[in-house]
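Asker: Contents are mmCIF, C-alpha atoms; file name coords_5.cif:
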data_final
loop_
_atom_site.group_PDB
_atom_site.id
_atom_site.type_symbol
_atom_site.label_atom_id
_atom_site.label_comp_id
_atom_site.auth_asym_id
_atom_site.auth_seq_id
_atom_site.Cartn_x
_atom_site.Cartn_y
_atom_site.Cartn_z
ATOM 1 C CA MET A 212 70.457 68.283 155.011
ATOM 2 C CA GLN A 213 73.991 67.646 154.332
ATOM 3 C CA THR A 214 76.163 70.327 152.685
ATOM 4 C CA ALA A 215 78.691 69.641 149.925
ATOM 5 C CA ILE A 216 81.576 70.182 152.300
ATOM 6 C CA ASP A 217 80.134 67.722 154.769
ATOM 7 C CA PHE A 218 79.515 65.244 151.952
ATOM 8 C CA ILE A 219 83.139 65.502 150.835
ATOM 9 C CA LYS A 220 84.333 65.094 154.417
ATOM 10 C CA ASP A 221 82.263 61.959 154.831
ATOM 11 C CA ASN A 222 83.357 60.492 151.461
ATOM 12 C CA PRO A 223 87.119 60.857 151.025
ATOM 13 C CA GLU A 224 87.031 59.088 147.626
ATOM 14 C CA VAL A 225 84.812 61.897 146.283
ATOM 15 C CA PHE A 226 87.382 64.393 147.585
ATOM 16 C CA ALA A 227 90.172 62.503 145.852
ATOM 17 C CA ALA A 228 88.158 62.365 142.604
ATOM 18 C CA LEU A 229 87.394 66.077 142.865
ATOM 19 C CA VAL A 230 91.067 66.923 143.437
ATOM 20 C CA ALA A 231 92.039 64.705 140.479
ATOM 21 C CA ALA A 232 89.394 66.332 138.258
ATOM 22 C CA LEU A 233 90.593 69.815 139.259
ATOM 23 C CA GLY A 234 94.186 68.734 138.514
ATOM 24 C CA ILE A 235 93.202 67.396 135.108
ATOM 25 C CA LEU A 236 91.197 70.530 134.273
ATOM 26 C CA GLY A 237 94.102 72.718 135.482
ATOM 27 C CA GLY A 238 96.531 70.713 133.345
ATOM 28 C CA ILE A 239 94.304 71.033 130.287
ATOM 29 C CA ALA A 240 93.902 74.787 130.854
ATOM 30 C CA GLY A 241 97.664 75.176 131.411
ATOM 31 C CA ASN A 242 98.447 73.178 128.273
ATOM 32 C CA TRP A 243 95.966 75.231 126.264
ATOM 33 C CA ILE A 244 97.426 78.516 127.552
ATOM 34 C CA SER A 245 100.953 77.227 126.912
ATOM 35 C CA ALA A 246 100.005 76.177 123.370
ATOM 36 C CA ALA A 247 98.463 79.576 122.693
ATOM 37 C CA ILE A 248 101.616 81.323 123.932
ATOM 38 C CA GLN A 249 103.826 79.023 121.845
ATOM 39 C CA ALA A 250 101.680 79.588 118.757
ATOM 40 C CA ALA A 251 101.870 83.352 119.218
ATOM 41 C CA GLY A 252 105.624 83.067 119.678
ATOM 42 C CA GLY A 253 105.923 80.927 116.552
ATOM 43 C CA ARG A 254 103.921 83.444 114.542
ATOM 44 C CA ALA A 255 106.080 86.272 115.863
ATOM 45 C CA GLN A 256 109.216 84.299 115.034
ATOM 46 C CA ALA A 257 107.935 83.553 111.524
ATOM 47 C CA ASN A 258 107.054 87.226 110.985
ATOM 48 C CA ALA A 259 110.516 88.220 112.189
ATOM 49 C CA ALA A 260 112.099 85.739 109.766
ATOM 50 C CA VAL A 261 110.014 87.139 106.884
ATOM 51 C CA ASP A 262 111.000 90.700 107.854
ATOM 52 C CA ALA A 263 114.676 89.703 108.073
ATOM 53 C CA ALA A 264 114.491 88.071 104.643
ATOM 54 C CA ARG A 265 112.795 91.157 103.202
ATOM 55 C CA ILE A 266 115.426 93.463 104.728
ATOM 56 C CA SER A 267 118.240 91.227 103.481
ATOM 57 C CA ALA A 268 116.775 91.115 99.970
ATOM 58 C CA GLU A 269 116.386 94.912 99.931
ATOM 59 C CA ALA A 270 119.977 95.358 101.115
ATOM 60 C CA GLN A 271 121.212 93.008 98.392
ATOM 61 C CA ARG A 272 119.145 94.848 95.781
ATOM 62 C CA ALA A 273 120.498 98.213 96.943
ATOM 63 C CA ALA A 274 124.079 96.890 96.885
ATOM 64 C CA ALA A 275 123.591 95.499 93.383
ATOM 65 C CA LEU A 276 122.094 98.818 92.229
ATOM 66 C CA ARG A 277 125.064 100.728 93.692
ATOM 67 C CA GLU A 278 127.434 98.393 91.868
ATOM 68 C CA ASP A 279 125.483 98.797 88.608
ATOM 69 C CA ARG A 280 125.615 102.574 89.041
ATOM 70 C CA LYS A 281 129.383 102.502 89.546
ATOM 71 C CA ILE A 282 129.867 100.349 86.457
ATOM 72 C CA GLU A 283 127.628 102.494 84.233
ATOM 73 C CA ILE A 284 129.093 105.789 85.473
ATOM 74 C CA ALA A 285 132.623 104.475 84.878
ATOM 75 C CA ALA A 286 131.673 103.324 81.356
ATOM 76 C CA PHE A 287 130.141 106.727 80.590
ATOM 77 C CA VAL A 288 133.216 108.612 81.846
ATOM 78 C CA ARG A 289 135.554 106.301 79.898
ATOM 79 C CA CYS A 290 133.562 106.793 76.699
ATOM 80 C CA ALA A 291 133.351 110.592 77.151
ATOM 81 C CA ARG A 292 137.128 110.736 77.632
ATOM 82 C CA ARG A 293 137.687 108.597 74.548
ATOM 83 C CA LEU A 294 135.465 110.979 72.555
ATOM 84 C CA ALA A 295 137.547 113.938 73.782
ATOM 85 C CA VAL A 296 140.720 112.175 72.610
ATOM 86 C CA ASP A 297 139.141 111.319 69.250
ATOM 87 C CA LEU A 298 138.032 114.938 68.784
ATOM 88 C CA HIS A 299 141.518 116.199 69.585
ATOM 89 C CA GLU A 300 143.073 113.734 67.136
ATOM 90 C CA MET A 301 140.542 114.678 64.485
ATOM 91 C CA TYR A 302 141.552 118.314 64.766
ATOM 92 C CA GLU A 303 145.287 117.951 65.380
ATOM 93 C CA LYS A 304 146.430 114.919 63.424
ATOM 94 C CA ASP A 305 144.187 113.687 60.709
ATOM 95 C CA TRP A 306 140.554 113.283 59.781
ATOM 96 C CA TYR A 307 138.964 110.721 62.142
ATOM 97 C CA GLU A 308 135.301 111.421 61.580
ATOM 98 C CA THR A 309 134.398 107.718 61.511
ATOM 99 C CA SER A 310 136.095 107.137 64.858
ATOM 100 C CA VAL A 311 134.422 110.237 66.300
ATOM 101 C CA ASN A 312 131.011 109.174 65.014
ATOM 102 C CA ASP A 313 131.473 105.652 66.387
ATOM 103 C CA THR A 314 132.525 106.971 69.791
ATOM 104 C CA TRP A 315 129.670 109.506 69.775
ATOM 105 C CA TYR A 316 127.187 106.697 69.049
ATOM 106 C CA GLU A 317 128.709 104.572 71.813
ATOM 107 C CA LEU A 318 128.472 107.487 74.264
ATOM 108 C CA GLY A 319 124.755 107.730 73.485
ATOM 109 C CA GLN A 320 124.331 103.994 74.104
ATOM 110 C CA VAL A 321 126.216 104.134 77.393
ATOM 111 C CA PHE A 322 124.125 107.151 78.426
ATOM 112 C CA GLY A 323 120.965 105.127 77.775
ATOM 113 C CA GLN A 324 122.218 102.383 80.091
ATOM 114 C CA LEU A 325 123.214 104.965 82.702
ATOM 115 C CA GLU A 326 119.715 106.455 82.624
ATOM 116 C CA LEU A 327 118.270 103.129 83.801
ATOM 117 C CA VAL A 328 120.232 102.991 87.050
ATOM 118 C CA ALA A 329 121.499 106.483 87.876
ATOM 119 C CA SER A 330 119.955 108.980 90.232
ATOM 120 C CA LYS A 331 118.339 112.129 88.881
ATOM 121 C CA GLY A 332 121.380 114.249 89.761
ATOM 122 C CA VAL A 333 123.791 111.928 87.956
ATOM 123 C CA ARG A 334 121.491 111.797 84.918
ATOM 124 C CA GLU A 335 121.370 115.596 84.787
ATOM 125 C CA LEU A 336 125.174 115.814 84.962
ATOM 126 C CA ALA A 337 125.499 113.169 82.246
ATOM 127 C CA GLU A 338 123.083 115.156 80.058
ATOM 128 C CA GLU A 339 125.322 118.205 80.506
ATOM 129 C CA VAL A 340 128.337 116.116 79.468
ATOM 130 C CA LEU A 341 126.426 114.995 76.364
ATOM 131 C CA SER A 342 125.558 118.577 75.509
ATOM 132 C CA VAL A 343 129.156 119.754 75.905
ATOM 133 C CA ALA A 344 130.420 116.725 73.971
ATOM 134 C CA HIS A 345 127.998 117.483 71.139
ATOM 135 C CA GLY A 346 129.203 121.086 70.996
ATOM 136 C CA GLY A 347 132.797 119.874 71.073
ATOM 137 C CA LYS A 348 132.087 117.442 68.259
ATOM 138 C CA GLU A 349 130.535 120.158 66.096
ATOM 139 C CA LEU A 350 133.414 122.528 66.845
ATOM 140 C CA ALA A 351 136.062 119.908 66.139
ATOM 141 C CA VAL A 352 134.461 119.019 62.814
ATOM 142 C CA THR A 353 134.257 122.696 61.833
ATOM 143 C CA ARG A 354 137.793 123.441 62.946
ATOM 144 C CA ALA A 355 139.194 120.319 61.311
ATOM 145 C CA LEU A 356 137.554 121.296 58.026
ATOM 146 C CA GLY A 357 138.908 124.806 58.430
ATOM 147 C CA ARG A 358 142.395 123.496 59.156
ATOM 148 C CA GLN A 359 142.303 121.251 56.125
ATOM 149 C CA THR A 360 141.056 124.098 53.940
ATOM 150 C CA ARG A 361 143.712 126.418 55.320
ATOM 151 C CA GLU A 362 146.437 123.860 54.614
ATOM 152 C CA SER A 363 145.135 123.279 51.087
ATOM 153 C CA LEU A 364 145.005 127.024 50.389
ATOM 154 C CA ALA A 365 148.469 127.516 51.844
ATOM 155 C CA ALA A 366 149.811 124.790 49.589
ATOM 156 C CA ALA A 367 148.047 126.358 46.593
ATOM 157 C CA ALA A 368 149.334 129.830 47.497
ATOM 158 C CA ASN A 369 152.871 128.518 47.671
ATOM 159 C CA ALA A 370 152.621 126.651 44.396
ATOM 160 C CA SER A 371 153.008 129.210 41.667
ATOM 161 C CA GLN A 372 153.220 126.638 38.895
ATOM 162 C CA ASP A 373 149.467 127.011 38.134
ATOM 163 C CA GLY A 374 149.904 130.657 37.469
ATOM 164 C CA GLU A 375 150.165 133.838 39.425
ATOM 165 C CA GLU A 376 146.402 134.530 39.299
ATOM 166 C CA ALA A 377 145.536 131.186 40.961
ATOM 167 C CA ALA A 378 148.209 131.746 43.597
ATOM 168 C CA ALA A 379 146.906 135.278 44.277
ATOM 169 C CA ALA A 380 143.334 133.984 44.604
ATOM 170 C CA ALA A 381 144.530 131.234 46.943
ATOM 171 C CA ARG A 382 146.433 133.782 49.054
ATOM 172 C CA ALA A 383 143.346 136.021 49.248
ATOM 173 C CA SER A 384 141.165 133.067 50.242
ATOM 174 C CA LEU A 385 143.721 132.015 52.829
ATOM 175 C CA LEU A 386 143.766 135.547 54.251
ATOM 176 C CA ARG A 387 139.963 135.582 54.560
ATOM 177 C CA LEU A 388 140.051 132.135 56.182
ATOM 178 C CA GLU A 389 142.668 133.323 58.675
ATOM 179 C CA GLU A 390 140.481 136.340 59.492
ATOM 180 C CA LEU A 391 137.552 134.000 60.061
ATOM 181 C CA ARG A 392 139.683 131.775 62.309
ATOM 182 C CA ALA A 393 140.820 134.809 64.333
ATOM 183 C CA ALA A 394 137.189 135.893 64.712
ATOM 184 C CA VAL A 395 136.167 132.410 65.909
ATOM 185 C CA ASP A 396 139.135 132.265 68.304
ATOM 186 C CA ASN A 397 138.083 135.621 69.759
ATOM 187 C CA GLY A 398 134.574 134.383 70.410
ATOM 188 C CA GLY A 399 133.098 136.028 67.345
ATOM 189 C CA ARG A 400 134.627 139.459 68.136
ATOM 190 C CA THR A 401 136.616 140.921 65.232
#
In structure tokens, write the structure found in this file.
Answerer:
Amino acid sequence: MQTAIDFIKDNPEVFAALVAALGILGGIAGNWISAAIQAAGGRAQANAAVDAARISAEAQRAAALREDRKIEIAAFVRCARRLAVDLHEMYEKDWYETSVNDTWYELGQVFGQLELVASKGVRELAEEVLSVAHGGKELAVTRALGRQTRESLAAAANASQDGEEAAAAARASLLRLEELRAAVDNGGRT
């Protein structure tokens, strides 16, 4: 009985066909392995591109949010400063309640926009500014009314043409108003 090795030795064409078949099978296996490696590499490359796009989009979003925060904080600070100026003018120069009310309303609007983009710490600080501004607004209105009343009483006290009794009453009222102002200036201590 002839073995396979002896058969191949006796028939060189079978050997050549066997070598060719092994070469073809090796080529197919190599191509399949190569394709699998390339496919895995392509998937990895695609995943990396998706991750890079996601990171880039997040960076752009964060940069836009930082810019929005800067803009809204600057608008809030500008408006709060304008309110402080309006309050000072209301007390010192003339009655500007409409301007103060408009600026106060605008400060509330700007605060609402700031709330949408600001961090918790910035929102808390802005709330403190609103609280102080509200107190300042109430104080300025009260003091402006007091100043106007004081000026009116002083004018009445100096005008004796309406009679000495009216002037004396005006002087007494002015004195009480001055005492009240001194008490307020001393923090309520008389």
Asker: For this file, the PyMOL selection byres ((chain A and resi 346-349) around 12) selects which residues, as an MDAnalysis selection string?
Answerer: chainID A and resid 291 294:302 307:308 310:316 339:345 350:356
Asker: For those residues, write C-alpha atoms to a file as a PDB file, keeping the file's coordinate frame.
Answerer:
ATOM      1  CA  ALA A 291     133.351 110.592  77.151  1.00  0.00           C
ATOM      2  CA  LEU A 294     135.465 110.979  72.555  1.00  0.00           C
ATOM      3  CA  ALA A 295     137.547 113.938  73.782  1.00  0.00           C
ATOM      4  CA  VAL A 296     140.720 112.175  72.610  1.00  0.00           C
ATOM      5  CA  ASP A 297     139.141 111.319  69.250  1.00  0.00           C
ATOM      6  CA  LEU A 298     138.032 114.938  68.784  1.00  0.00           C
ATOM      7  CA  HIS A 299     141.518 116.199  69.585  1.00  0.00           C
ATOM      8  CA  GLU A 300     143.073 113.734  67.136  1.00  0.00           C
ATOM      9  CA  MET A 301     140.542 114.678  64.485  1.00  0.00           C
ATOM     10  CA  TYR A 302     141.552 118.314  64.766  1.00  0.00           C
ATOM     11  CA  TYR A 307     138.964 110.721  62.142  1.00  0.00           C
ATOM     12  CA  GLU A 308     135.301 111.421  61.580  1.00  0.00           C
ATOM     13  CA  SER A 310     136.095 107.137  64.858  1.00  0.00           C
ATOM     14  CA  VAL A 311     134.422 110.237  66.300  1.00  0.00           C
ATOM     15  CA  ASN A 312     131.011 109.174  65.014  1.00  0.00           C
ATOM     16  CA  ASP A 313     131.473 105.652  66.387  1.00  0.00           C
ATOM     17  CA  THR A 314     132.525 106.971  69.791  1.00  0.00           C
ATOM     18  CA  TRP A 315     129.670 109.506  69.775  1.00  0.00           C
ATOM     19  CA  TYR A 316     127.187 106.697  69.049  1.00  0.00           C
ATOM     20  CA  GLU A 339     125.322 118.205  80.506  1.00  0.00           C
ATOM     21  CA  VAL A 340     128.337 116.116  79.468  1.00  0.00           C
ATOM     22  CA  LEU A 341     126.426 114.995  76.364  1.00  0.00           C
ATOM     23  CA  SER A 342     125.558 118.577  75.509  1.00  0.00           C
ATOM     24  CA  VAL A 343     129.156 119.754  75.905  1.00  0.00           C
ATOM     25  CA  ALA A 344     130.420 116.725  73.971  1.00  0.00           C
ATOM     26  CA  HIS A 345     127.998 117.483  71.139  1.00  0.00           C
ATOM     27  CA  LEU A 350     133.414 122.528  66.845  1.00  0.00           C
ATOM     28  CA  ALA A 351     136.062 119.908  66.139  1.00  0.00           C
ATOM     29  CA  VAL A 352     134.461 119.019  62.814  1.00  0.00           C
ATOM     30  CA  THR A 353     134.257 122.696  61.833  1.00  0.00           C
ATOM     31  CA  ARG A 354     137.793 123.441  62.946  1.00  0.00           C
ATOM     32  CA  ALA A 355     139.194 120.319  61.311  1.00  0.00           C
ATOM     33  CA  LEU A 356     137.554 121.296  58.026  1.00  0.00           C
TER      34      LEU A 356
END
Asker: Could you spell out the hits of the PyMOL selection byres ((chain A and resi 328) around 8) on the shown file, as a list of chain:residue names?
Answerer: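 On the file shown, the PyMOL selection byres ((chain A and resi 328) around 8) covers A:Leu276, A:Asp279, A:Arg280, A:Glu283, A:Gln324, A:Leu325, A:Glu326, A:Leu327, A:Ala329, A:Ser330.
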Asker: For the selection just defined, write its residues with C-alpha atoms to a file, as a tab-separated table (two decimals), keeping the file's coordinate frame.
Answerer:
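selection_27.tsv was written with the following content:
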chain	number	residue	atom	x	y	z
A	276	LEU	CA	122.09	98.82	92.23
A	279	ASP	CA	125.48	98.80	88.61
A	280	ARG	CA	125.62	102.57	89.04
A	283	GLU	CA	127.63	102.49	84.23
A	324	GLN	CA	122.22	102.38	80.09
A	325	LEU	CA	123.21	104.96	82.70
A	326	GLU	CA	119.72	106.46	82.62
A	327	LEU	CA	118.27	103.13	83.80
A	329	ALA	CA	121.50	106.48	87.88
A	330	SER	CA	119.96	108.98	90.23
Asker: Tell me, in Å to one decimal, how far atom CA of A:Ala381 is from atom CA of A:Ala393.
Answerer: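 Taking atom CA of A:Ala381 as the start and atom CA of A:Ala393 as the end point, the length is 18.1 Å.
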Asker: Please list as a compact mmCIF listing (two decimals) with C-alpha atoms, in the frame of the given file every residue within 9 Å of A:Ile284, counting all atoms listed in the file and excluding residues in the same chain fewer than 2 positions away.
Answerer:
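After the write, out_5.txt holds the following:
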# COMPACT_ATOMS: atom_id res chain seq x y z
CA ASP A 279 125.48 98.80 88.61
CA ARG A 280 125.62 102.57 89.04
CA LYS A 281 129.38 102.50 89.55
CA ILE A 282 129.87 100.35 86.46
CA ALA A 286 131.67 103.32 81.36
CA PHE A 287 130.14 106.73 80.59
CA VAL A 288 133.22 108.61 81.85
CA ARG A 289 135.55 106.30 79.90
CA VAL A 321 126.22 104.13 77.39
CA PHE A 322 124.12 107.15 78.43
CA LEU A 325 123.21 104.96 82.70
CA ALA A 329 121.50 106.48 87.88
CA VAL A 333 123.79 111.93 87.96
CA ALA A 337 125.50 113.17 82.25
Asker: Could you tell me how far atom CA of A:Val230 sits from atom CA of A:Asp217, in Å to one decimal place?
Answerer: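 Going from atom CA of A:Asp217 over to atom CA of A:Val230 covers 15.8 Å.
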Asker: Around all the atoms of stretch 324-327 of chain A listed in the file, with 8 Å of room on each side, what axis-aligned box do you get, giving centre and edge lengths in Å to one decimal, as JSON?
Answerer:
{"center_x": 120.7, "center_y": 104.4, "center_z": 81.9, "size_x": 20.9, "size_y": 20.1, "size_z": 19.7}
Asker: When you draw a straight line from atom CA of A:Ala246 to atom CA of A:Ala232, how long is it in Å?
Answerer: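 According to the coordinates, atom CA of A:Ala246 and atom CA of A:Ala232 are separated by 20.8 Å.
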Asker: What lies within 10 Å of stretch 357-367 of chain A using only C-alpha atoms, ignoring chain neighbours under 6 positions off, as a PyMOL selection string?
Answerer: chain A and resi 302-303+305-306+351+373+377-389+391-392
Asker: Where atoms are missing, can you supply N, CA and C atoms for stretch 221-252 of chain A and output the lot as a PDB file, keeping the file's coordinate frame?
Answerer:
ATOM      1  N   ASP A 221      82.725  63.302 154.525  1.00  0.00           N
ATOM      2  CA  ASP A 221      82.263  61.959 154.831  1.00  0.00           C
ATOM      3  C   ASP A 221      82.705  60.945 153.775  1.00  0.00           C
ATOM      4  N   ASN A 222      82.961  61.396 152.560  1.00  0.00           N
ATOM      5  CA  ASN A 222      83.357  60.492 151.461  1.00  0.00           C
ATOM      6  C   ASN A 222      84.731  60.936 150.914  1.00  0.00           C
ATOM      7  N   PRO A 223      85.779  60.430 151.474  1.00  0.00           N
ATOM      8  CA  PRO A 223      87.119  60.857 151.025  1.00  0.00           C
ATOM      9  C   PRO A 223      87.388  60.478 149.573  1.00  0.00           C
ATOM     10  N   GLU A 224      86.805  59.442 149.031  1.00  0.00           N
ATOM     11  CA  GLU A 224      87.031  59.088 147.626  1.00  0.00           C
ATOM     12  C   GLU A 224      86.474  60.152 146.692  1.00  0.00           C
ATOM     13  N   VAL A 225      85.380  60.804 147.082  1.00  0.00           N
ATOM     14  CA  VAL A 225      84.812  61.897 146.283  1.00  0.00           C
ATOM     15  C   VAL A 225      85.798  63.075 146.304  1.00  0.00           C
ATOM     16  N   PHE A 226      86.395  63.316 147.467  1.00  0.00           N
ATOM     17  CA  PHE A 226      87.382  64.393 147.585  1.00  0.00           C
ATOM     18  C   PHE A 226      88.578  64.117 146.666  1.00  0.00           C
ATOM     19  N   ALA A 227      89.027  62.880 146.696  1.00  0.00           N
ATOM     20  CA  ALA A 227      90.172  62.503 145.852  1.00  0.00           C
ATOM     21  C   ALA A 227      89.804  62.644 144.368  1.00  0.00           C
ATOM     22  N   ALA A 228      88.589  62.252 143.998  1.00  0.00           N
ATOM     23  CA  ALA A 228      88.158  62.365 142.604  1.00  0.00           C
ATOM     24  C   ALA A 228      88.029  63.835 142.203  1.00  0.00           C
ATOM     25  N   LEU A 229      87.536  64.650 143.129  1.00  0.00           N
ATOM     26  CA  LEU A 229      87.394  66.077 142.865  1.00  0.00           C
ATOM     27  C   LEU A 229      88.768  66.742 142.695  1.00  0.00           C
ATOM     28  N   VAL A 230      89.706  66.384 143.543  1.00  0.00           N
ATOM     29  CA  VAL A 230      91.067  66.923 143.437  1.00  0.00           C
ATOM     30  C   VAL A 230      91.690  66.474 142.114  1.00  0.00           C
ATOM     31  N   ALA A 231      91.507  65.221 141.738  1.00  0.00           N
ATOM     32  CA  ALA A 231      92.039  64.705 140.479  1.00  0.00           C
ATOM     33  C   ALA A 231      91.399  65.432 139.291  1.00  0.00           C
ATOM     34  N   ALA A 232      90.085  65.642 139.340  1.00  0.00           N
ATOM     35  CA  ALA A 232      89.394  66.332 138.258  1.00  0.00           C
ATOM     36  C   ALA A 232      89.883  67.778 138.139  1.00  0.00           C
ATOM     37  N   LEU A 233      90.067  68.448 139.291  1.00  0.00           N
ATOM     38  CA  LEU A 233      90.593  69.815 139.259  1.00  0.00           C
ATOM     39  C   LEU A 233      92.016  69.828 138.696  1.00  0.00           C
ATOM     40  N   GLY A 234      92.813  68.834 139.035  1.00  0.00           N
ATOM     41  CA  GLY A 234      94.186  68.734 138.514  1.00  0.00           C
ATOM     42  C   GLY A 234      94.183  68.526 137.015  1.00  0.00           C
ATOM     43  N   ILE A 235      93.300  67.660 136.555  1.00  0.00           N
ATOM     44  CA  ILE A 235      93.202  67.396 135.108  1.00  0.00           C
ATOM     45  C   ILE A 235      92.739  68.652 134.382  1.00  0.00           C
ATOM     46  N   LEU A 236      91.696  69.299 134.897  1.00  0.00           N
ATOM     47  CA  LEU A 236      91.197  70.530 134.273  1.00  0.00           C
ATOM     48  C   LEU A 236      92.266  71.622 134.287  1.00  0.00           C
ATOM     49  N   GLY A 237      93.008  71.730 135.399  1.00  0.00           N
ATOM     50  CA  GLY A 237      94.102  72.718 135.482  1.00  0.00           C
ATOM     51  C   GLY A 237      95.197  72.402 134.481  1.00  0.00           C
ATOM     52  N   GLY A 238      95.510  71.115 134.319  1.00  0.00           N
ATOM     53  CA  GLY A 238      96.531  70.713 133.345  1.00  0.00           C
ATOM     54  C   GLY A 238      96.104  71.027 131.921  1.00  0.00           C
ATOM     55  N   ILE A 239      94.824  70.746 131.623  1.00  0.00           N
ATOM     56  CA  ILE A 239      94.304  71.033 130.287  1.00  0.00           C
ATOM     57  C   ILE A 239      94.340  72.538 130.023  1.00  0.00           C
ATOM     58  N   ALA A 240      93.898  73.327 131.011  1.00  0.00           N
ATOM     59  CA  ALA A 240      93.902  74.787 130.854  1.00  0.00           C
ATOM     60  C   ALA A 240      95.335  75.293 130.708  1.00  0.00           C
ATOM     61  N   GLY A 241      96.251  74.764 131.502  1.00  0.00           N
ATOM     62  CA  GLY A 241      97.664  75.176 131.411  1.00  0.00           C
ATOM     63  C   GLY A 241      98.261  74.817 130.064  1.00  0.00           C
ATOM     64  N   ASN A 242      97.947  73.592 129.585  1.00  0.00           N
ATOM     65  CA  ASN A 242      98.447  73.178 128.273  1.00  0.00           C
ATOM     66  C   ASN A 242      97.870  74.064 127.162  1.00  0.00           C
ATOM     67  N   TRP A 243      96.594  74.388 127.274  1.00  0.00           N
ATOM     68  CA  TRP A 243      95.966  75.231 126.264  1.00  0.00           C
ATOM     69  C   TRP A 243      96.588  76.635 126.268  1.00  0.00           C
ATOM     70  N   ILE A 244      96.796  77.196 127.447  1.00  0.00           N
ATOM     71  CA  ILE A 244      97.426  78.516 127.552  1.00  0.00           C
ATOM     72  C   ILE A 244      98.859  78.456 127.023  1.00  0.00           C
ATOM     73  N   SER A 245      99.574  77.404 127.380  1.00  0.00           N
ATOM     74  CA  SER A 245     100.953  77.227 126.912  1.00  0.00           C
ATOM     75  C   SER A 245     101.001  77.095 125.389  1.00  0.00           C
ATOM     76  N   ALA A 246     100.056  76.346 124.828  1.00  0.00           N
ATOM     77  CA  ALA A 246     100.005  76.177 123.370  1.00  0.00           C
ATOM     78  C   ALA A 246      99.699  77.507 122.686  1.00  0.00           C
ATOM     79  N   ALA A 247      98.800  78.270 123.272  1.00  0.00           N
ATOM     80  CA  ALA A 247      98.463  79.576 122.693  1.00  0.00           C
ATOM     81  C   ALA A 247      99.676  80.497 122.729  1.00  0.00           C
ATOM     82  N   ILE A 248     100.412  80.488 123.816  1.00  0.00           N
ATOM     83  CA  ILE A 248     101.616  81.323 123.932  1.00  0.00           C
ATOM     84  C   ILE A 248     102.669  80.867 122.925  1.00  0.00           C
ATOM     85  N   GLN A 249     102.854  79.546 122.806  1.00  0.00           N
ATOM     86  CA  GLN A 249     103.826  79.023 121.845  1.00  0.00           C
ATOM     87  C   GLN A 249     103.423  79.356 120.413  1.00  0.00           C
ATOM     88  N   ALA A 250     102.149  79.270 120.108  1.00  0.00           N
ATOM     89  CA  ALA A 250     101.680  79.588 118.757  1.00  0.00           C
ATOM     90  C   ALA A 250     101.921  81.066 118.450  1.00  0.00           C
ATOM     91  N   ALA A 251     101.626  81.921 119.417  1.00  0.00           N
ATOM     92  CA  ALA A 251     101.870  83.352 119.218  1.00  0.00           C
ATOM     93  C   ALA A 251     103.369  83.604 119.041  1.00  0.00           C
ATOM     94  N   GLY A 252     104.169  82.933 119.812  1.00  0.00           N
ATOM     95  CA  GLY A 252     105.624  83.067 119.678  1.00  0.00           C
ATOM     96  C   GLY A 252     106.108  82.563 118.335  1.00  0.00           C
TER      97      GLY A 252
END
